[in-house]
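Novice: What follows is input-v4.txt; its format and atoms are compact mmCIF, C-alpha atoms.
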# COMPACT_ATOMS: atom_id res chain seq x y z
CA MET A 1 -39.86 -57.46 19.49
CA ASN A 2 -41.37 -54.07 20.19
CA ASP A 3 -39.40 -54.02 23.43
CA LEU A 4 -36.18 -54.48 21.48
CA TYR A 5 -37.06 -51.51 19.26
CA ALA A 6 -37.94 -49.41 22.30
CA TRP A 7 -34.58 -50.17 23.95
CA ALA A 8 -32.77 -49.47 20.66
CA ALA A 9 -34.50 -46.08 20.61
CA ILE A 10 -33.57 -45.49 24.27
CA GLY A 11 -29.92 -46.27 23.42
CA LEU A 12 -29.99 -43.92 20.44
CA ILE A 13 -31.64 -41.10 22.45
CA THR A 14 -29.08 -41.47 25.24
CA LEU A 15 -26.16 -41.49 22.80
CA ALA A 16 -27.41 -38.47 20.84
CA ALA A 17 -28.40 -36.45 23.92
CA THR A 18 -25.03 -37.10 25.60
CA THR A 19 -23.15 -36.17 22.42
CA GLY A 20 -25.21 -32.99 22.20
CA ASP A 21 -24.69 -32.01 25.83
CA VAL A 22 -20.93 -32.61 25.65
CA LEU A 23 -20.59 -30.64 22.39
CA LEU A 24 -22.68 -27.74 23.74
CA ALA A 25 -20.74 -27.68 27.03
CA TYR A 26 -17.45 -27.74 25.07
CA SER A 27 -18.62 -24.89 22.82
CA MET A 28 -19.76 -22.71 25.71
CA LYS A 29 -16.46 -23.25 27.56
CA ARG A 30 -14.70 -21.97 24.42
CA VAL A 31 -17.03 -18.98 24.23
CA GLY A 32 -16.21 -18.20 27.86
CA ASP A 33 -18.29 -16.71 30.67
CA VAL A 34 -21.31 -15.27 28.83
CA GLY A 35 -22.20 -12.87 31.67
CA ALA A 36 -18.74 -11.29 31.73
CA LEU A 37 -18.63 -11.09 27.92
CA TRP A 38 -22.06 -9.40 27.85
CA ARG A 39 -20.97 -6.78 30.40
CA THR A 40 -17.70 -5.92 28.64
CA ARG A 41 -18.53 -6.35 24.94
CA GLY A 42 -22.33 -6.30 24.70
CA PHE A 43 -25.06 -8.77 23.75
CA ALA A 44 -24.20 -8.80 20.03
CA ALA A 45 -20.69 -10.01 20.86
CA VAL A 46 -22.12 -12.93 22.84
CA VAL A 47 -24.45 -13.98 20.01
CA GLY A 48 -21.69 -13.48 17.44
CA ARG A 49 -19.21 -15.61 19.35
CA VAL A 50 -21.71 -18.43 19.96
CA LEU A 51 -22.78 -18.48 16.31
CA THR A 52 -19.17 -18.61 15.07
CA THR A 53 -18.40 -21.70 17.18
CA PRO A 54 -18.78 -24.67 14.78
CA THR A 55 -19.17 -27.29 17.54
CA PHE A 56 -22.25 -25.38 18.76
CA PHE A 57 -24.14 -26.34 15.58
CA LEU A 58 -22.94 -29.94 15.84
CA GLY A 59 -24.34 -29.96 19.38
CA VAL A 60 -27.69 -28.56 18.26
CA MET A 61 -27.81 -31.17 15.47
CA ALA A 62 -27.13 -33.97 17.97
CA MET A 63 -29.94 -32.60 20.15
CA ALA A 64 -32.26 -32.64 17.12
CA VAL A 65 -31.31 -36.29 16.48
CA ALA A 66 -32.12 -37.04 20.13
CA PHE A 67 -35.49 -35.29 19.81
CA TYR A 68 -36.50 -37.19 16.66
CA SER A 69 -35.33 -40.52 18.10
CA LEU A 70 -37.55 -39.74 21.08
CA LEU A 71 -40.50 -39.22 18.72
CA PHE A 72 -39.79 -42.53 16.97
CA GLY A 73 -39.16 -44.27 20.28
CA LEU A 74 -42.55 -43.09 21.50
CA SER A 75 -44.23 -44.67 18.49
CA TRP A 76 -42.65 -48.06 19.33
CA GLY A 77 -42.59 -48.09 23.08
CA ASN A 78 -44.45 -46.85 26.12
CA LEU A 79 -44.20 -43.22 27.17
CA SER A 80 -43.61 -44.44 30.72
CA LEU A 81 -40.62 -46.54 29.66
CA VAL A 82 -38.90 -44.49 26.95
CA VAL A 83 -38.89 -41.05 28.59
CA PRO A 84 -37.65 -41.93 32.11
CA ALA A 85 -35.23 -44.64 30.91
CA SER A 86 -33.52 -42.33 28.41
CA ALA A 87 -33.48 -39.34 30.81
CA SER A 88 -32.07 -41.47 33.60
CA LEU A 89 -29.37 -43.11 31.44
CA THR A 90 -28.40 -39.71 30.00
CA PHE A 91 -27.47 -38.42 33.49
CA VAL A 92 -25.01 -41.28 34.04
CA ALA A 93 -23.70 -41.25 30.45
CA ASN A 94 -23.07 -37.50 30.73
CA ALA A 95 -20.99 -37.94 33.88
CA VAL A 96 -18.82 -40.56 32.11
CA ALA A 97 -18.55 -38.49 28.89
CA ALA A 98 -17.77 -35.23 30.75
CA ARG A 99 -14.92 -37.00 32.53
CA ILE A 100 -13.47 -38.50 29.34
CA PHE A 101 -14.06 -35.75 26.78
CA LEU A 102 -14.33 -32.53 28.80
CA HIS A 103 -11.73 -33.58 31.43
CA GLU A 104 -14.07 -32.47 34.18
CA HIS A 105 -13.03 -33.59 37.61
CA VAL A 106 -15.99 -35.79 38.55
CA SER A 107 -15.61 -36.09 42.31
CA ARG A 108 -17.31 -38.78 44.42
CA ARG A 109 -19.87 -36.12 45.35
CA ARG A 110 -20.73 -35.60 41.67
CA TRP A 111 -20.92 -39.33 40.91
CA ALA A 112 -23.32 -39.63 43.83
CA ALA A 113 -25.36 -36.71 42.49
CA ALA A 114 -25.56 -38.20 38.96
CA ILE A 115 -26.56 -41.65 40.27
CA PHE A 116 -29.07 -40.32 42.82
CA VAL A 117 -30.73 -38.14 40.17
CA ALA A 118 -30.73 -41.02 37.64
CA VAL A 119 -32.41 -43.41 40.13
CA GLY A 120 -34.76 -40.63 41.27
CA VAL A 121 -35.87 -39.87 37.70
CA ALA A 122 -36.47 -43.58 37.07
CA LEU A 123 -38.58 -43.79 40.24
CA MET A 124 -40.63 -40.74 39.25
CA ALA A 125 -42.14 -42.87 36.50
CA ALA A 126 -43.13 -45.65 38.91
CA MET B 1 -16.12 -4.60 48.41
CA HIS B 2 -14.60 -7.49 46.49
CA SER B 3 -16.59 -10.11 48.34
CA CYS B 4 -19.73 -8.04 47.79
CA ILE B 5 -19.27 -8.30 44.01
CA GLU B 6 -18.66 -12.05 44.26
CA THR B 7 -21.85 -12.78 46.19
CA HIS B 8 -23.72 -10.68 43.66
CA VAL B 9 -22.37 -12.81 40.82
CA THR B 10 -23.16 -16.00 42.69
CA PHE B 11 -26.72 -14.86 43.29
CA ARG B 12 -27.05 -14.14 39.58
CA LYS B 13 -25.72 -17.60 38.74
CA TYR B 14 -28.25 -19.21 41.06
CA LEU B 15 -30.94 -17.15 39.32
CA ILE B 16 -29.81 -18.54 35.94
CA LEU B 17 -29.85 -22.13 37.29
CA ALA B 18 -33.34 -21.48 38.66
CA GLY B 19 -34.27 -20.11 35.22
CA VAL B 20 -33.08 -23.33 33.53
CA THR B 21 -35.24 -25.34 35.94
CA VAL B 22 -38.39 -23.21 35.78
CA PHE B 23 -38.36 -22.35 32.05
CA SER B 24 -38.05 -26.02 31.03
CA THR B 25 -40.85 -27.10 33.38
CA VAL B 26 -43.29 -24.33 32.47
CA GLY B 27 -42.37 -24.51 28.76
CA ASP B 28 -43.03 -28.26 28.66
CA SER B 29 -46.37 -27.98 30.47
CA LEU B 30 -47.53 -25.13 28.20
CA LEU B 31 -46.57 -27.19 25.12
CA ALA B 32 -48.36 -30.25 26.50
CA ARG B 33 -51.49 -28.22 27.22
CA GLY B 34 -51.49 -26.62 23.76
CA MET B 35 -50.92 -29.91 21.95
CA LYS B 36 -53.78 -31.52 23.89
CA GLU B 37 -56.04 -28.66 22.86
CA LEU B 38 -55.11 -29.19 19.21
CA GLY B 39 -55.76 -32.92 19.41
CA GLY B 40 -54.07 -35.53 17.23
CA VAL B 41 -51.40 -33.78 15.24
CA SER B 42 -49.25 -36.46 13.64
CA LEU B 43 -46.00 -36.29 11.69
CA HIS B 44 -47.98 -37.17 8.54
CA ASN B 45 -49.97 -33.98 8.98
CA PHE B 46 -47.02 -31.63 8.56
CA PRO B 47 -48.99 -28.39 7.87
CA GLY B 48 -50.85 -29.10 11.10
CA LEU B 49 -47.53 -29.02 12.94
CA LEU B 50 -46.68 -25.64 11.40
CA PHE B 51 -50.03 -24.18 12.41
CA ALA B 52 -49.56 -25.49 15.94
CA ILE B 53 -47.35 -22.45 16.59
CA LEU B 54 -50.43 -20.24 16.15
CA ASN B 55 -51.97 -21.79 19.26
CA PRO B 56 -51.16 -19.34 22.09
CA TRP B 57 -50.21 -22.14 24.53
CA VAL B 58 -47.83 -23.72 22.02
CA GLY B 59 -46.36 -20.31 21.08
CA ALA B 60 -45.76 -19.40 24.71
CA GLY B 61 -44.29 -22.86 25.35
CA ILE B 62 -41.81 -22.45 22.49
CA LEU B 63 -40.80 -18.97 23.76
CA LEU B 64 -40.15 -20.40 27.23
CA LEU B 65 -38.15 -23.31 25.81
CA LEU B 66 -36.01 -20.77 23.92
CA ALA B 67 -35.47 -18.96 27.24
CA PHE B 68 -34.54 -22.35 28.74
CA PHE B 69 -31.98 -22.96 25.99
CA ALA B 70 -30.43 -19.49 26.44
CA SER B 71 -30.09 -19.87 30.21
CA TYR B 72 -28.79 -23.46 29.82
CA MET B 73 -26.10 -22.23 27.40
CA SER B 74 -25.23 -19.40 29.78
CA ALA B 75 -24.88 -21.83 32.69
CA LEU B 76 -22.64 -24.13 30.63
CA SER B 77 -20.37 -21.16 29.86
CA TRP B 78 -19.33 -20.84 33.53
CA ALA B 79 -20.07 -24.22 35.11
CA ASP B 80 -19.23 -27.88 34.47
CA LEU B 81 -21.72 -30.10 32.67
CA THR B 82 -21.62 -32.49 35.64
CA TYR B 83 -22.67 -29.55 37.85
CA VAL B 84 -25.39 -28.01 35.67
CA LEU B 85 -27.27 -31.24 34.90
CA PRO B 86 -27.88 -32.45 38.47
CA ALA B 87 -28.35 -28.87 39.73
CA THR B 88 -31.24 -28.29 37.34
CA SER B 89 -32.86 -31.72 37.74
CA LEU B 90 -35.34 -30.23 40.24
CA SER B 91 -37.53 -29.65 37.18
CA TYR B 92 -38.65 -33.30 37.49
CA VAL B 93 -39.74 -32.59 41.06
CA LEU B 94 -41.43 -29.38 39.96
CA VAL B 95 -43.49 -31.22 37.32
CA ALA B 96 -44.76 -33.66 39.96
CA LEU B 97 -45.60 -30.88 42.41
CA VAL B 98 -47.40 -28.84 39.74
CA ALA B 99 -49.40 -31.95 38.81
CA ARG B 100 -50.31 -32.47 42.48
CA ILE B 101 -51.31 -28.87 43.15
CA ARG B 102 -53.05 -28.01 39.89
CA PHE B 103 -54.52 -31.34 38.82
CA HIS B 104 -54.73 -32.95 42.29
CA GLU B 105 -52.82 -36.01 41.09
CA GLN B 106 -51.78 -38.38 43.85
CA ILE B 107 -48.03 -38.82 44.39
CA SER B 108 -47.22 -42.47 45.11
CA PRO B 109 -44.65 -43.42 47.81
CA MET B 110 -42.24 -44.47 45.01
CA ARG B 111 -42.51 -41.00 43.50
CA TRP B 112 -41.86 -39.37 46.90
CA LEU B 113 -38.73 -41.53 47.13
CA GLY B 114 -37.75 -40.32 43.65
CA ILE B 115 -38.30 -36.71 44.72
CA ALA B 116 -36.12 -37.28 47.81
CA LEU B 117 -33.31 -38.87 45.75
CA ILE B 118 -33.32 -36.08 43.14
CA SER B 119 -33.29 -33.41 45.87
CA ALA B 120 -30.39 -35.19 47.58
CA GLY B 121 -28.52 -35.25 44.26
CA VAL B 122 -29.09 -31.52 43.79
CA GLY B 123 -27.81 -30.93 47.33
CA PHE B 124 -24.65 -32.96 46.61
CA VAL B 125 -23.54 -30.79 43.67
CA ALA B 126 -24.87 -27.47 44.97
CA ALA B 127 -22.58 -27.78 48.00
CA GLY B 128 -19.51 -28.38 45.81
CA PRO B 129 -17.63 -26.22 43.32
CA SER B 130 -19.39 -25.29 40.07
CA LEU B 131 -16.21 -25.35 37.99
CA THR B 132 -13.40 -27.82 38.63
CA PRO B 133 -9.75 -26.85 38.07
CA ALA B 134 -9.30 -29.56 35.42
CA SER B 135 -11.74 -27.87 33.07
CA GLN B 136 -10.48 -24.35 33.74
CA LYS B 137 -7.94 -23.24 31.19
CA THR B 138 -5.46 -20.98 32.94
CA ASP B 139 -7.00 -19.20 35.93
CA GLN B 140 -5.99 -21.56 38.72
CA PRO B 141 -2.31 -22.34 39.25
CA GLU B 142 -2.28 -26.12 38.97
CA HIS B 143 1.25 -26.37 40.38
CA SER B 144 -0.03 -25.75 43.87
CA GLU B 145 -1.64 -29.18 44.00
CA PRO B 146 1.12 -31.81 43.56
CA PRO B 147 2.97 -30.98 46.81
CA GLN B 148 -0.26 -31.67 48.70
CA ASP B 149 -0.83 -34.89 46.81
CA ARG B 150 2.63 -36.34 47.30
CA PRO B 151 2.43 -37.12 51.01
CA ARG B 152 -0.95 -38.74 50.42
CA ALA B 153 0.48 -40.93 47.65
CA LEU B 154 3.41 -41.86 49.87
CA SER B 155 1.16 -42.82 52.73
CA GLN B 156 -0.94 -44.98 50.38
CA GLU B 157 2.20 -46.73 49.21
CA ALA B 158 3.19 -47.29 52.81
CA LYS B 159 -0.20 -48.84 53.52
CA SER B 160 0.00 -51.33 50.65
Translate the structure of the given file into structure tokens.

Specialist:
Amino acid sequence: MNDLYAWAAIGLITLAATTGDVLLAYSMKRVGDVGALWRTRGFAAVVGRVLTTPTFFLGVMAMAVAFYSLLFGLSWGNLSLVVPASASLTFVANAVAARIFLHEHVSRRRWAAAIFVAVGVALMAA
Amino acid sequence: MHSCIETHVTFRKYLILAGVTVFSTVGDSLLARGMKELGGVSLHNFPGLLFAILNPWVGAGILLLLAFFASYMSALSWADLTYVLPATSLSYVLVALVARIRFHEQISPMRWLGIALISAGVGFVAAGPSLTPASQKTDQPEHSEPPQDRPRALSQEAKS
């Protein structure tokens, strides 16, 4: 039964972390190249533009949900299961979500990278 | 002159990606060290969590994680999510190496295999473009692509 709770937490962490990453990536693409903006308009302009992007706060909130689900997941399941499983699944979920929602062109090279890293992270816990 | 500026920018971008990797690793290990020093701080002991910031290790860890977040946001402003995530996954390797060097932990063969796979993944994306045309708004003329694609599509039709 505890296993079921742990996997429910892993699912929730993966979902929230992926949502957060996609929202943050979307927000920063709307802000534009931060380095170029800093050089032309100054640091205050960068901070101002990030803080006036509503999806940025949604992304941070999703990340907070992911963090607290991790805390709860750790109270139900093993550290050595919950952390690598959710990190590993998040890499693959992000590649799928970036393709669907951000319209990123996920080439075969990038699929390979996401899957290699996901398997590698899972093995690091072994 | 033009190419000189471009390599400069690229170098800076690699520095930011390295920053994402290093800040998250060092921040996490500082936090872990500080929290171990404090002992059992639970969610029920909320004031204890607030005072945890006063511990120098925890404070430094939080500062570094803020630096991680800033460099991560910066990277996402000029590169695809599917580029930034694998490119910065070397932090997992870094944690293992720090544990081996500082705490003399043994790295099992499975972990070495994991390190090899993660490094290969980083190599895969680092060799490719950081921003794909699909996610760029206007910069690249997208009309230049279809003429190249058409012969390929025709040849695939001919095959099937």

Novice: In Å, rounded to a single decimal, give me how far CA of Ala60 in chain B is from CA of Ile13 in chain A.

Specialist: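 Interatomic distance here is 26.0 Å.
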
Novice: Could you give me, as a tab-separated table, every chain B residue with an atom at most 7 Å from chain A, plus its closest atom pair and distance in Å to one decimal, counting only C-alpha atoms, rows ordered by chain then number?

Specialist:
residue	atom	partner	partner_atom	distance
B:Met73	CA	A:Met28	CA	6.6
B:Ser74	CA	A:Val34	CA	5.8
B:Leu76	CA	A:Ala25	CA	5.4
B:Ser77	CA	A:Met28	CA	4.5
B:Trp78	CA	A:Asp33	CA	5.1
B:Asp80	CA	A:Glu104	CA	6.9
B:Leu81	CA	A:Ala25	CA	6.2
B:Thr82	CA	A:Ala95	CA	5.8
B:Pro86	CA	A:Ala114	CA	6.2
B:Met110	CA	A:Leu123	CA	6.1
B:Arg111	CA	A:Met124	CA	4.7
B:Gly114	CA	A:Gly120	CA	3.8
B:Ile115	CA	A:Gly120	CA	6.3
B:Leu117	CA	A:Gly120	CA	5.0
B:Ile118	CA	A:Val117	CA	4.4
B:Gly121	CA	A:Ala113	CA	3.9
B:Val122	CA	A:Ala113	CA	6.5
B:Phe124	CA	A:Ala113	CA	5.6
B:Val125	CA	A:Arg110	CA	5.9
B:Thr132	CA	A:His105	CA	5.9
B:Ala134	CA	A:Glu104	CA	5.7
B:Ser135	CA	A:Glu104	CA	5.3

Novice: Could you work out how far CA of Tyr68 in chain A lies from CA of Leu89 in chain A, giving the answer in Å with one decimal?

Specialist: 17.4 Å

Novice: Each side padded by 4 Å, which centre and which edge lengths in Å (one decimal) define the axis-aligned box around the listed atoms of range 105-112 of chain A? Give them as AutoDock Vina command-line options.

Specialist:
--center_x -18.2 --center_y -36.6 --center_z 41.5 --size_x 18.3 --size_y 14.0 --size_z 15.7

Novice: Counting all atoms listed in the file, figure out which residue out of B:Leu131, B:Ser24, B:Thr10, B:Leu15 gets nearest to Phe69 in chain B.

Specialist: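 So, comparing all the options, the nearest one is B:Ser24.
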
Novice: Take CA of Gly128 in chain B and CA of Val84 in chain B and report the distance between them in Å, one decimal.

Specialist: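 Atom-to-atom, CA of Gly128 in chain B and CA of Val84 in chain B are spaced 11.7 Å apart.
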
Novice: For Leu17 in chain B, which residue out of B:Tyr83, B:Leu113, B:Ile107, B:Ala75 is the nearest one, using all atoms listed in the file?

Specialist: B:Ala75

Novice: Find, counting all atoms listed in the file, the residue in B:Glu105, B:Ser89, B:Tyr14, B:Gly59 that gets nearest to Ser130 in chain B.

Specialist: B:Tyr14

Novice: Which residue is closest to Leu4 in chain A? Choose from A:Gly73, A:Ala93, A:Gly59, A:Ser80 and count all atoms listed in the file.

Specialist: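 Between A:Gly73, A:Ala93, A:Gly59, A:Ser80, the residue approaching Leu4 in chain A most closely is A:Gly73.
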